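Pasted below: data-v6.tsv, TSV, C-alpha atoms.
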```tsv
chain	number	residue	atom	x	y	z
M	11	MET	CA	0.00	0.00	0.00
M	12	ARG	CA	2.85	2.37	0.78
M	13	LYS	CA	4.32	1.91	-2.69
M	14	LEU	CA	0.96	2.55	-4.38
M	15	CYS	CA	0.47	5.68	-2.30
M	16	ARG	CA	3.90	7.00	-3.24
M	17	ILE	CA	3.29	6.39	-6.92
M	18	SER	CA	-0.07	8.16	-6.71
M	19	CYS	CA	1.50	11.08	-4.86
M	20	TRP	CA	4.18	11.72	-7.45
M	21	MET	CA	1.68	11.38	-10.26
M	22	VAL	CA	-0.71	13.85	-8.62
M	23	GLY	CA	2.26	16.15	-8.12
M	24	LEU	CA	3.11	15.86	-11.79
M	25	ILE	CA	-0.48	16.71	-12.77
M	26	LEU	CA	-0.34	19.75	-10.47
M	27	LEU	CA	2.91	20.81	-12.11
M	28	LEU	CA	1.37	20.46	-15.56
M	29	THR	CA	-1.64	22.50	-14.48
M	30	VAL	CA	0.56	25.33	-13.17
M	31	GLN	CA	2.57	25.30	-16.39
M	32	SER	CA	-0.58	25.54	-18.49
M	33	SER	CA	-2.45	28.13	-16.37
M	34	ALA	CA	-1.37	31.06	-18.54
M	35	GLN	CA	-2.45	29.39	-21.79
M	36	ASP	CA	-4.97	26.95	-23.25
M	37	SER	CA	-5.15	23.87	-21.03
M	38	SER	CA	-4.64	21.61	-24.03
M	39	GLN	CA	-1.11	22.89	-24.64
M	40	LEU	CA	2.08	23.09	-22.61
M	41	MET	CA	5.29	24.81	-23.61
M	42	VAL	CA	8.68	23.67	-22.42
M	43	GLN	CA	11.31	26.25	-23.28
M	44	ALA	CA	14.89	25.31	-23.89
M	45	LYS	CA	17.59	27.97	-23.67
M	46	PRO	CA	17.13	31.08	-25.87
M	47	ILE	CA	18.62	30.40	-29.28
M	48	LYS	CA	18.32	31.34	-32.95
M	49	GLN	CA	15.98	29.57	-35.37
M	50	LYS	CA	15.00	26.82	-32.98
M	51	GLN	CA	13.37	23.74	-34.45
M	52	VAL	CA	9.88	23.04	-33.07
M	53	VAL	CA	9.04	19.60	-31.67
M	54	THR	CA	5.40	18.98	-30.73
M	55	PHE	CA	4.16	16.03	-28.67
M	56	LEU	CA	0.53	14.93	-28.66
M	57	LEU	CA	-0.05	12.99	-25.45
M	58	PRO	CA	-3.12	11.76	-23.49
M	59	LEU	CA	-2.63	13.74	-20.26
M	60	TYR	CA	-6.29	14.10	-19.16
M	61	LEU	CA	-5.64	17.44	-17.43
M	62	ASP	CA	-9.21	18.66	-17.80
M	63	SER	CA	-10.50	15.35	-16.40
M	64	ALA	CA	-8.21	15.48	-13.39
M	65	PHE	CA	-9.35	18.84	-12.03
M	66	ASP	CA	-12.74	20.50	-11.60
M	67	ALA	CA	-13.64	24.12	-12.44
M	68	THR	CA	-12.18	25.35	-9.11
M	69	GLY	CA	-8.82	23.63	-9.73
M	70	GLN	CA	-9.41	20.83	-7.21
M	71	TYR	CA	-8.13	17.35	-7.98
M	72	ARG	CA	-11.18	15.15	-8.63
M	73	PHE	CA	-9.97	11.76	-7.44
M	74	GLY	CA	-8.83	12.34	-3.85
M	75	LYS	CA	-6.11	9.82	-2.96
M	76	GLN	CA	-6.88	7.66	-5.98
M	77	PHE	CA	-5.10	7.78	-9.31
M	78	PRO	CA	-6.82	6.42	-12.46
M	79	ARG	CA	-4.56	3.96	-14.25
M	80	TYR	CA	-5.52	5.33	-17.66
M	81	PHE	CA	-3.66	8.54	-16.76
M	82	LEU	CA	-0.35	6.68	-16.45
M	83	PRO	CA	0.97	6.07	-20.00
M	84	GLY	CA	0.77	9.69	-21.14
M	85	LEU	CA	2.08	11.16	-17.87
M	86	GLU	CA	4.94	8.68	-17.61
M	87	PHE	CA	5.92	9.32	-21.21
M	88	TYR	CA	5.81	13.06	-20.47
M	89	GLU	CA	8.10	12.59	-17.47
M	90	GLY	CA	10.63	10.83	-19.71
M	91	VAL	CA	10.40	13.70	-22.20
M	92	GLN	CA	11.09	16.21	-19.41
M	93	LEU	CA	14.17	14.29	-18.25
M	94	ALA	CA	15.49	14.20	-21.82
M	95	ILE	CA	14.92	17.95	-22.19
M	96	ASP	CA	17.11	18.46	-19.12
M	97	SER	CA	19.84	16.39	-20.79
M	98	LEU	CA	19.51	18.26	-24.09
M	99	ASN	CA	19.69	21.61	-22.32
M	100	LYS	CA	22.96	20.55	-20.70
M	101	GLU	CA	24.27	19.82	-24.18
M	102	HIS	CA	22.99	23.21	-25.44
M	103	VAL	CA	20.70	21.60	-28.02
M	104	GLU	CA	18.44	24.29	-29.49
M	105	LEU	CA	14.76	23.33	-29.51
M	106	ASP	CA	11.26	24.55	-28.72
M	107	VAL	CA	9.17	21.70	-27.31
M	108	ASN	CA	5.36	21.81	-27.13
M	109	VAL	CA	3.02	19.31	-25.51
M	110	LEU	CA	-0.65	19.09	-26.51
M	111	ASP	CA	-3.14	17.19	-24.38
M	112	THR	CA	-5.16	14.98	-26.73
M	113	ARG	CA	-7.72	14.42	-23.96
M	114	SER	CA	-8.48	18.11	-23.48
M	115	GLY	CA	-11.90	17.75	-25.08
M	116	LYS	CA	-10.74	19.02	-28.45
M	117	SER	CA	-10.88	16.74	-31.48
M	118	ILE	CA	-7.68	15.72	-33.22
M	119	THR	CA	-8.69	17.80	-36.26
M	120	THR	CA	-8.99	20.86	-34.01
M	121	LEU	CA	-5.64	20.18	-32.35
M	122	ILE	CA	-4.00	19.95	-35.76
M	123	GLN	CA	-4.94	23.61	-36.30
M	124	ASP	CA	-2.98	24.60	-33.17
M	125	PRO	CA	0.12	26.71	-34.01
M	126	ALA	CA	2.24	24.17	-32.11
M	127	VAL	CA	1.32	21.59	-34.77
M	128	GLN	CA	1.27	23.98	-37.73
M	129	ASP	CA	4.79	25.26	-36.94
M	130	ALA	CA	6.30	21.90	-35.98
M	131	SER	CA	9.47	20.51	-37.52
M	132	LEU	CA	8.68	17.15	-35.88
M	133	LEU	CA	5.44	15.64	-34.54
M	134	VAL	CA	5.45	12.86	-31.95
M	135	GLY	CA	2.21	11.14	-30.97
M	136	HIS	CA	1.25	8.76	-28.18
M	137	ILE	CA	-2.12	8.31	-29.77
M	138	SER	CA	-5.18	6.15	-30.41
M	139	ASN	CA	-6.03	4.33	-33.63
M	140	ASN	CA	-8.46	6.96	-34.92
M	141	GLU	CA	-5.86	9.72	-34.46
M	142	ILE	CA	-3.21	8.14	-36.70
M	143	ARG	CA	-4.74	8.94	-40.07
M	144	PRO	CA	-5.42	12.69	-39.56
M	145	LEU	CA	-1.92	13.26	-38.17
M	146	ALA	CA	-0.31	11.17	-40.91
M	147	ASP	CA	-2.23	13.08	-43.60
M	148	PHE	CA	-1.16	16.43	-42.11
M	149	ALA	CA	2.45	15.25	-41.90
M	150	ASN	CA	2.45	14.09	-45.51
M	151	LYS	CA	0.83	17.26	-46.82
M	152	ASN	CA	3.22	19.52	-44.89
M	153	GLN	CA	6.30	17.28	-45.24
M	154	VAL	CA	6.83	17.07	-41.49
M	155	PRO	CA	7.96	13.75	-39.94
M	156	PHE	CA	5.33	12.20	-37.65
M	157	ILE	CA	6.44	9.53	-35.19
M	158	ASN	CA	3.77	7.19	-33.84
M	159	VAL	CA	5.34	5.86	-30.63
M	160	ASN	CA	2.74	3.40	-29.38
M	161	ILE	CA	0.28	1.96	-31.95
M	162	PRO	CA	1.79	-1.04	-33.82
M	163	ASN	CA	-0.19	-0.70	-37.02
M	164	ASP	CA	-0.46	1.62	-40.01
M	165	ALA	CA	-4.21	2.41	-39.76
M	166	GLY	CA	-4.42	2.03	-43.53
M	167	VAL	CA	-1.88	4.77	-44.25
M	168	THR	CA	-0.03	4.34	-47.56
M	169	ASN	CA	2.27	6.40	-49.77
M	170	ASN	CA	3.44	8.47	-46.81
M	171	PRO	CA	7.22	8.84	-46.40
M	172	TYR	CA	6.69	11.12	-43.38
M	173	MET	CA	5.10	8.60	-40.99
M	174	VAL	CA	7.24	6.47	-38.68
M	175	ILE	CA	5.83	3.52	-36.70
M	176	LEU	CA	8.13	3.05	-33.72
M	177	ASN	CA	6.26	0.17	-32.04
M	178	SER	CA	6.95	-2.62	-34.54
M	179	THR	CA	3.98	-4.17	-36.35
M	180	LEU	CA	2.92	-7.80	-36.05
M	181	ALA	CA	4.45	-8.49	-39.48
M	182	SER	CA	7.84	-7.35	-38.17
M	183	HIS	CA	7.46	-9.49	-35.05
M	184	ALA	CA	6.66	-12.49	-37.27
M	185	GLU	CA	9.84	-11.85	-39.22
M	186	GLY	CA	11.87	-11.53	-36.01
M	187	ILE	CA	10.40	-14.76	-34.63
M	188	TYR	CA	11.07	-16.66	-37.84
M	189	ASN	CA	14.68	-15.42	-38.02
M	190	TYR	CA	15.28	-16.50	-34.44
M	191	LEU	CA	13.74	-19.95	-35.03
M	192	GLU	CA	15.87	-20.32	-38.14
M	193	LYS	CA	19.01	-19.88	-36.03
M	194	LYS	CA	17.78	-22.30	-33.37
M	195	MET	CA	16.71	-25.07	-35.75
M	196	ASN	CA	18.87	-28.20	-35.80
M	197	ALA	CA	18.51	-31.99	-35.98
M	198	ALA	CA	17.80	-32.17	-32.25
M	199	THR	CA	15.00	-29.59	-32.39
M	200	SER	CA	11.45	-29.58	-33.67
M	201	ILE	CA	9.34	-26.45	-34.13
M	202	LEU	CA	5.55	-26.50	-33.79
M	203	VAL	CA	3.05	-23.63	-33.98
M	204	PHE	CA	0.10	-24.17	-31.64
M	205	THR	CA	-2.77	-21.92	-32.61
M	206	LYS	CA	-6.56	-21.58	-32.47
M	207	ASN	CA	-9.29	-20.53	-34.85
M	208	GLY	CA	-9.58	-16.77	-35.32
M	209	THR	CA	-9.07	-13.88	-37.74
M	210	GLN	CA	-6.03	-12.55	-35.92
M	211	GLU	CA	-4.49	-16.02	-35.77
M	212	ALA	CA	-5.01	-16.44	-39.53
M	213	ARG	CA	-3.30	-13.11	-40.16
M	214	LEU	CA	-0.32	-14.13	-38.01
M	215	LYS	CA	-0.03	-17.39	-39.95
M	216	THR	CA	-0.04	-15.41	-43.19
M	217	TYR	CA	2.79	-13.20	-41.92
M	218	LEU	CA	4.89	-16.21	-40.91
M	219	THR	CA	4.18	-17.90	-44.25
M	220	ASP	CA	5.16	-14.74	-46.15
M	221	VAL	CA	8.49	-14.63	-44.30
M	222	GLU	CA	9.08	-18.31	-44.97
M	223	ASN	CA	8.31	-17.91	-48.68
M	224	SER	CA	10.72	-14.98	-48.93
M	225	LYS	CA	13.64	-17.07	-47.66
M	226	PRO	CA	16.04	-18.59	-50.18
M	227	GLY	CA	17.15	-22.21	-49.85
M	228	SER	CA	15.84	-24.61	-47.23
M	229	LYS	CA	12.93	-23.49	-45.07
M	230	LEU	CA	11.65	-24.35	-41.60
M	231	LYS	CA	8.38	-25.77	-42.96
M	232	LEU	CA	6.50	-24.78	-39.83
M	233	LYS	CA	3.85	-27.24	-38.70
M	234	TYR	CA	0.60	-25.68	-37.46
M	235	ILE	CA	-1.63	-27.42	-34.90
M	236	THR	CA	-5.05	-25.87	-34.28
M	237	LEU	CA	-6.11	-26.58	-30.71
M	238	PRO	CA	-9.71	-26.87	-29.48
M	239	ALA	CA	-11.14	-24.11	-27.32
M	240	ASN	CA	-10.74	-26.04	-24.04
M	241	PHE	CA	-7.52	-27.87	-24.85
M	242	GLN	CA	-5.63	-29.86	-22.22
M	243	ALA	CA	-2.16	-31.34	-21.90
M	244	THR	CA	-3.44	-34.47	-23.65
M	245	ASN	CA	-3.98	-32.39	-26.82
M	246	LEU	CA	-0.32	-31.33	-26.78
M	247	LEU	CA	1.29	-34.60	-25.74
M	248	PRO	CA	1.17	-36.39	-29.14
M	249	TYR	CA	3.37	-33.69	-30.67
M	250	LEU	CA	6.16	-33.77	-28.06
M	251	ASP	CA	9.29	-35.95	-28.19
M	252	SER	CA	11.30	-36.91	-25.12
M	253	ASN	CA	14.40	-37.21	-27.33
M	254	LYS	CA	14.12	-33.75	-28.91
M	255	THR	CA	13.73	-30.21	-27.73
M	256	THR	CA	10.41	-28.88	-28.94
M	257	ILE	CA	10.08	-25.15	-29.55
M	258	ALA	CA	6.36	-24.51	-29.13
M	259	VAL	CA	5.33	-21.29	-30.86
M	260	ALA	CA	2.11	-19.68	-29.66
M	261	GLY	CA	0.31	-18.68	-32.83
M	262	SER	CA	-2.04	-16.22	-31.14
M	263	LEU	CA	-1.87	-12.82	-29.43
M	264	ASP	CA	-4.62	-13.85	-26.99
M	265	VAL	CA	-3.15	-13.65	-23.46
M	266	GLN	CA	-5.63	-16.20	-22.10
M	267	PHE	CA	-4.46	-18.65	-24.75
M	268	ALA	CA	-0.88	-17.76	-23.75
M	269	ARG	CA	-1.41	-18.53	-20.06
M	270	LYS	CA	-3.20	-21.79	-20.86
M	271	LEU	CA	-0.63	-23.01	-23.39
M	272	ALA	CA	2.36	-22.10	-21.23
M	273	GLY	CA	0.73	-23.64	-18.14
M	274	GLU	CA	0.08	-26.98	-19.83
M	275	LEU	CA	3.57	-27.03	-21.36
M	276	ALA	CA	5.13	-26.20	-17.98
M	277	VAL	CA	3.69	-29.44	-16.59
M	278	LEU	CA	4.79	-31.47	-19.62
M	279	SER	CA	8.27	-29.94	-19.60
M	280	LYS	CA	9.14	-32.02	-16.53
M	281	THR	CA	9.25	-35.00	-18.89
M	282	TYR	CA	9.56	-33.51	-22.38
M	283	PRO	CA	12.17	-30.82	-23.16
M	284	VAL	CA	10.16	-27.77	-24.24
M	285	GLN	CA	10.84	-24.11	-24.95
M	286	VAL	CA	7.98	-21.69	-25.61
M	287	MET	CA	8.06	-18.84	-28.13
M	288	GLY	CA	5.35	-16.29	-27.46
M	289	MET	CA	4.09	-13.03	-28.88
M	290	PRO	CA	4.73	-9.33	-28.04
M	291	THR	CA	1.56	-9.34	-25.89
M	292	TRP	CA	3.33	-11.67	-23.47
M	293	ASP	CA	5.44	-8.81	-22.11
M	294	GLY	CA	2.60	-7.77	-19.81
M	295	ILE	CA	1.85	-11.24	-18.38
M	296	ARG	CA	3.13	-11.22	-14.80
M	297	ASP	CA	1.75	-14.72	-14.13
M	298	PHE	CA	4.81	-16.19	-15.84
M	299	GLU	CA	6.90	-15.25	-12.80
M	300	GLU	CA	4.83	-17.53	-10.56
M	301	GLU	CA	5.81	-20.99	-9.31
M	302	GLU	CA	3.50	-22.70	-11.79
M	303	TYR	CA	5.84	-21.76	-14.64
M	304	ARG	CA	9.11	-22.47	-12.86
M	305	ASP	CA	11.91	-23.87	-15.07
M	306	LEU	CA	9.88	-23.30	-18.25
M	307	GLU	CA	11.95	-21.30	-20.74
M	308	ILE	CA	9.66	-18.65	-22.22
M	309	MET	CA	10.63	-16.32	-25.06
M	310	TYR	CA	8.75	-13.51	-26.76
M	311	THR	CA	9.49	-10.46	-28.89
M	312	ILE	CA	9.31	-6.77	-28.01
M	313	PRO	CA	10.39	-3.67	-29.97
M	314	PHE	CA	12.09	-1.79	-27.11
M	315	ASN	CA	15.17	-2.86	-25.17
M	316	PRO	CA	14.06	-4.20	-21.75
M	317	ILE	CA	17.55	-4.31	-20.21
M	318	ARG	CA	18.33	-1.41	-17.86
M	319	THR	CA	21.97	-1.89	-16.84
M	320	ASP	CA	23.59	1.13	-18.52
M	321	SER	CA	24.64	4.21	-16.55
M	322	LEU	CA	21.84	6.43	-17.89
M	323	SER	CA	19.18	3.89	-16.91
M	324	SER	CA	20.76	3.65	-13.47
M	325	SER	CA	20.64	7.42	-13.04
M	326	ILE	CA	16.96	7.54	-14.04
M	327	ASN	CA	16.18	4.71	-11.63
M	328	THR	CA	18.04	6.57	-8.88
M	329	TYR	CA	16.17	9.81	-9.62
M	330	PHE	CA	12.80	8.07	-9.36
M	331	ARG	CA	13.80	6.22	-6.19
M	332	ASP	CA	15.22	9.25	-4.37
M	333	LYS	CA	12.93	12.02	-5.63
M	334	LEU	CA	9.65	10.31	-6.48
M	335	TYR	CA	9.76	7.21	-4.25
M	336	SER	CA	8.87	4.93	-7.14
M	337	ARG	CA	10.31	3.07	-10.11
M	338	PRO	CA	10.18	4.37	-13.68
M	339	SER	CA	8.01	2.45	-16.11
M	340	ASP	CA	8.90	1.48	-19.66
M	341	MET	CA	7.02	4.57	-20.84
M	342	VAL	CA	9.46	6.85	-18.98
M	343	PHE	CA	12.39	5.31	-20.83
M	344	ARG	CA	10.50	5.45	-24.13
M	345	GLY	CA	9.70	9.13	-23.63
M	346	TYR	CA	13.33	9.84	-22.82
M	347	GLU	CA	14.84	8.06	-25.81
M	348	VAL	CA	12.33	9.50	-28.29
M	349	MET	CA	12.86	13.07	-27.07
M	350	TYR	CA	16.63	12.75	-26.86
M	351	ARG	CA	17.31	10.87	-30.09
M	352	PHE	CA	14.90	12.63	-32.40
M	353	GLY	CA	15.44	15.96	-30.66
M	354	LYS	CA	19.15	15.76	-31.44
M	355	MET	CA	18.41	14.73	-35.01
M	356	VAL	CA	15.90	17.51	-35.77
M	357	ALA	CA	18.15	20.13	-34.16
M	358	GLU	CA	20.96	18.96	-36.42
M	359	GLN	CA	19.06	18.28	-39.64
M	360	GLY	CA	16.07	20.62	-39.44
M	361	ALA	CA	13.87	20.38	-42.52
M	362	ASN	CA	16.03	17.52	-43.82
M	363	LEU	CA	15.11	15.21	-40.94
M	364	ALA	CA	12.83	13.09	-43.15
M	365	LEU	CA	15.86	12.17	-45.26
M	366	GLY	CA	17.79	10.95	-42.23
M	367	LEU	CA	15.13	8.98	-40.33
M	368	GLY	CA	16.91	5.68	-40.96
M	369	GLU	CA	20.28	6.87	-39.66
M	370	LYS	CA	21.63	4.91	-36.70
M	371	LYS	CA	22.76	7.78	-34.55
M	372	TYR	CA	22.03	9.12	-31.08
M	373	GLN	CA	20.65	5.75	-29.98
M	374	VAL	CA	19.88	5.65	-26.26
M	375	PHE	CA	18.35	2.43	-24.89
M	376	THR	CA	16.90	0.81	-28.01
M	377	ASP	CA	18.81	-0.01	-31.17
M	378	PHE	CA	16.15	1.37	-33.50
M	379	ASP	CA	16.26	0.02	-37.06
M	380	ILE	CA	13.98	2.37	-38.98
M	381	GLN	CA	13.40	1.03	-42.48
M	382	PRO	CA	11.13	2.01	-45.39
M	383	VAL	CA	8.07	-0.22	-45.82
M	384	LEU	CA	6.79	-1.07	-49.30
M	385	LEU	CA	3.46	-2.85	-48.90
M	386	ASN	CA	3.26	-3.52	-52.64
M	387	LYS	CA	6.79	-4.27	-53.80
M	388	GLN	CA	5.71	-4.36	-57.45
M	389	GLN	CA	4.70	-0.71	-57.32
M	390	GLN	CA	7.92	0.25	-55.48
M	391	GLN	CA	5.97	2.79	-53.44
M	392	LEU	CA	7.31	3.86	-50.04
M	393	ASP	CA	4.28	3.64	-47.76
M	394	TYR	CA	5.86	4.62	-44.41
M	395	PHE	CA	8.86	3.99	-42.18
M	396	GLU	CA	8.88	1.41	-39.41
M	397	ASN	CA	11.21	0.33	-36.62
M	398	LYS	CA	12.09	-3.22	-37.70
M	399	LYS	CA	14.16	-4.01	-34.62
M	400	VAL	CA	12.60	-6.63	-32.35
M	401	TYR	CA	14.29	-8.03	-29.26
M	402	VAL	CA	13.84	-11.70	-28.42
M	403	VAL	CA	13.38	-11.81	-24.65
M	404	ARG	CA	14.11	-14.93	-22.58
M	405	LEU	CA	12.17	-15.25	-19.33
M	406	LEU	CA	13.23	-18.00	-16.96
M	407	ASN	CA	12.30	-18.11	-13.28
M	408	GLY	CA	11.68	-14.38	-13.15
M	409	THR	CA	14.96	-13.38	-14.85
M	410	VAL	CA	14.74	-11.47	-18.13
M	411	THR	CA	17.56	-11.50	-20.68
M	412	THR	CA	17.76	-10.77	-24.41
M	413	VAL	CA	18.99	-13.52	-26.72
M	414	ASN	CA	19.50	-11.71	-30.02
```

Target format structure tokens, applied to this file:
Amino acid sequence: MRKLCRISCWMVGLILLLTVQSSAQDSSQLMVQAKPIKQKQVVTFLLPLYLDSAFDATGQYRFGKQFPRYFLPGLEFYEGVQLAIDSLNKEHVELDVNVLDTRSGKSITTLIQDPAVQDASLLVGHISNNEIRPLADFANKNQVPFINVNIPNDAGVTNNPYMVILNSTLASHAEGIYNYLEKKMNAATSILVFTKNGTQEARLKTYLTDVENSKPGSKLKLKYITLPANFQATNLLPYLDSNKTTIAVAGSLDVQFARKLAGELAVLSKTYPVQVMGMPTWDGIRDFEEEEYRDLEIMYTIPFNPIRTDSLSSSINTYFRDKLYSRPSDMVFRGYEVMYRFGKMVAEQGANLALGLGEKKYQVFTDFDIQPVLLNKQQQQLDYFENKKVYVVRLLNGTVTTVN
């Protein structure tokens, strides 16, 4: 309870700080000034801060000692951005940074008319699905790079060389999974894909098949087993071999399917050597740290580096522990690396940033691999840019490591 209280307190404090900063202007926009400089590039963030929801007309916080969880992603990302601004100021990087609250009650089309968006050299959005297309269209029309930091799909956007998807799509995860399995495959290993009936599962199978078909030479020839809705260990047993290591791939993003499949395989792994390859949705499943899954080797893919052993990560952890009595979430680190990396790049390249999006420079925590995506290779049309880097995470008895 003490930890929850401390987290709530620092978050309420952050909301109060945001409210004070925005009191002299429209509550949907915040301005963070770097040092006075000439011809500063403008970076504008669109984040779900919920400032108008948090306080009533008299300025009183609405939720007492409680803190709604849906406030967290945007606020934590904002905190990371603020920490990165401090670092950039120490390096005398010349920027104007704006923050617009996408939950201020204004529509995304109205926010796009804000001078902070109209004058931007770079747009960064922690957004919802229905906000992608309007921002992408504006970015394309005005030739301003737009970075979507959280939604792992293109929302139907095509022919737009100014949109960047930072949270890798399912197609990229399928490619990363296949490449990893390709390296692991040998005579003493068998690879099976356990799946279920569903539209999403069919799409995942298509992605894996497309990757397999694109490979020259010998292929994995993945075997797909569709399990019944209420499958048990007996449904898995016929496919396991006590003389081989079986890599069981979960062919579904469904977390309930994940828990069930991993739980049944954990029991069978006492007799049959099994490793489990999961999906990016597995990153949020805390059950896998429980005794039920002990000694089961679980792997899954994520687009952002989960390892926090470098000196910068340590300093951020220390800051949160000593000043805020809490631990920083992944969103804090994501906010920091996006602000720092792309802030440095736009300050350096200005209007030419779109030409340098794929450059591997100013990396912080994640080794971003931003590549052009051509959905129809025959047309040779650049549809958008995407971070193609996926980390294969190994989770064993509560310890997380990366294996690629």

Which distance in Å separates CA of Leu180 (chain M) and CA of Phe395 (chain M), to one decimal?
14.6 Å

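For the choices M:Ser224, M:Asn315, M:Val174, M:Asn253, the atom-to-atom distance to Gly368 (chain M) is smallest for M:Val174 when using all atoms listed in the file.
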
Using only C-alpha atoms, can you tell me which of M:Asn170, M:Ser321, M:Gln70, M:Ser182 comes closest to Asp393 (chain M)?
M:Asn170

Non-local contacts of Leu365 (chain M) (12 Å; all atoms listed in the file; under 2 positions in same chain excluded) as a ChimeraX atom specification:
/M:153-155,171-172,355-356,359-363,367-369,380-382,395

CA of Gln285 (chain M) to CA of Ala181 (chain M): how many Å, to one decimal?
22.3 Å

Each side padded by 5 Å, which centre and which edge lengths in Å (one decimal) define the axis-aligned box around the listed atoms of region 141-153 of chain M? Give them as lines of an AutoDock Vina configuration file.
```
center_x = 0.2
center_y = 13.8
center_z = -40.6
size_x = 22.2
size_y = 21.4
size_z = 22.4
```

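Between Thr54 (chain M) and the residues M:Leu85, M:Lys231, M:Met349, M:Tyr190, the shortest atom-to-atom distance, using all atoms listed in the file, involves M:Met349.
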
Of the listed residues M:Gly294, M:Gly273, M:Pro338, M:Gly261, that which approaches Val203 (chain M) most closely, counting only C-alpha atoms:
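Closest to Val203 (chain M), using only C-alpha atoms: M:Gly261.
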
Taking 3 positions as the minimum chain separation for residues in the same chain, which residues sit within 12 Å of Val400 (chain M) when counting all atoms listed in the file? Answer as a ChimeraX atom specification.
/M:176-190,289-290,310-316,376-380,396-397,403,412-414

I'd like the contact shell of Glu89 (chain M) - 9 Å cut-off, all atoms listed in the file, skipping same-chain residues fewer than 5 positions apart - returned as a ChimeraX atom specification.
/M:24,84,94,341-342,345-346

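Using only C-alpha atoms for every distance, the candidate list M:Ala364, M:Val410, M:Leu121, M:Leu93 yields M:Leu93 as the residue closest to Val348 (chain M).
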
Would you mind completing region 180-193 of chain M so that it carries N, CA and C atoms, and writing it out as a JSON list (two decimals), in the frame of the given file?
```json
[["chain", "number", "residue", "atom", "x", "y", "z"],
["M", 180, "LEU", "N", 2.95, -6.34, -36.21],
["M", 180, "LEU", "CA", 2.92, -7.80, -36.05],
["M", 180, "LEU", "C", 3.71, -8.48, -37.17],
["M", 181, "ALA", "N", 3.68, -7.92, -38.37],
["M", 181, "ALA", "CA", 4.45, -8.49, -39.48],
["M", 181, "ALA", "C", 5.94, -8.49, -39.16],
["M", 182, "SER", "N", 6.42, -7.42, -38.54],
["M", 182, "SER", "CA", 7.84, -7.35, -38.17],
["M", 182, "SER", "C", 8.18, -8.33, -37.05],
["M", 183, "HIS", "N", 7.25, -8.50, -36.11],
["M", 183, "HIS", "CA", 7.46, -9.49, -35.05],
["M", 183, "HIS", "C", 7.52, -10.90, -35.64],
["M", 184, "ALA", "N", 6.65, -11.17, -36.61],
["M", 184, "ALA", "CA", 6.66, -12.49, -37.27],
["M", 184, "ALA", "C", 8.00, -12.74, -37.94],
["M", 185, "GLU", "N", 8.54, -11.72, -38.57],
["M", 185, "GLU", "CA", 9.84, -11.85, -39.22],
["M", 185, "GLU", "C", 10.94, -12.09, -38.19],
["M", 186, "GLY", "N", 10.89, -11.34, -37.07],
["M", 186, "GLY", "CA", 11.87, -11.53, -36.01],
["M", 186, "GLY", "C", 11.81, -12.92, -35.39],
["M", 187, "ILE", "N", 10.59, -13.41, -35.18],
["M", 187, "ILE", "CA", 10.40, -14.76, -34.63],
["M", 187, "ILE", "C", 10.94, -15.81, -35.59],
["M", 188, "TYR", "N", 10.61, -15.68, -36.85],
["M", 188, "TYR", "CA", 11.07, -16.66, -37.84],
["M", 188, "TYR", "C", 12.60, -16.68, -37.92],
["M", 189, "ASN", "N", 13.21, -15.49, -37.95],
["M", 189, "ASN", "CA", 14.68, -15.42, -38.02],
["M", 189, "ASN", "C", 15.33, -16.08, -36.81],
["M", 190, "TYR", "N", 14.73, -15.87, -35.65],
["M", 190, "TYR", "CA", 15.28, -16.50, -34.44],
["M", 190, "TYR", "C", 15.13, -18.03, -34.51],
["M", 191, "LEU", "N", 13.96, -18.50, -34.93],
["M", 191, "LEU", "CA", 13.74, -19.95, -35.03],
["M", 191, "LEU", "C", 14.69, -20.57, -36.05],
["M", 192, "GLU", "N", 14.96, -19.84, -37.10],
["M", 192, "GLU", "CA", 15.87, -20.32, -38.14],
["M", 192, "GLU", "C", 17.26, -20.58, -37.57],
["M", 193, "LYS", "N", 17.69, -19.70, -36.67],
["M", 193, "LYS", "CA", 19.01, -19.88, -36.03],
["M", 193, "LYS", "C", 19.01, -21.03, -35.04]]
```
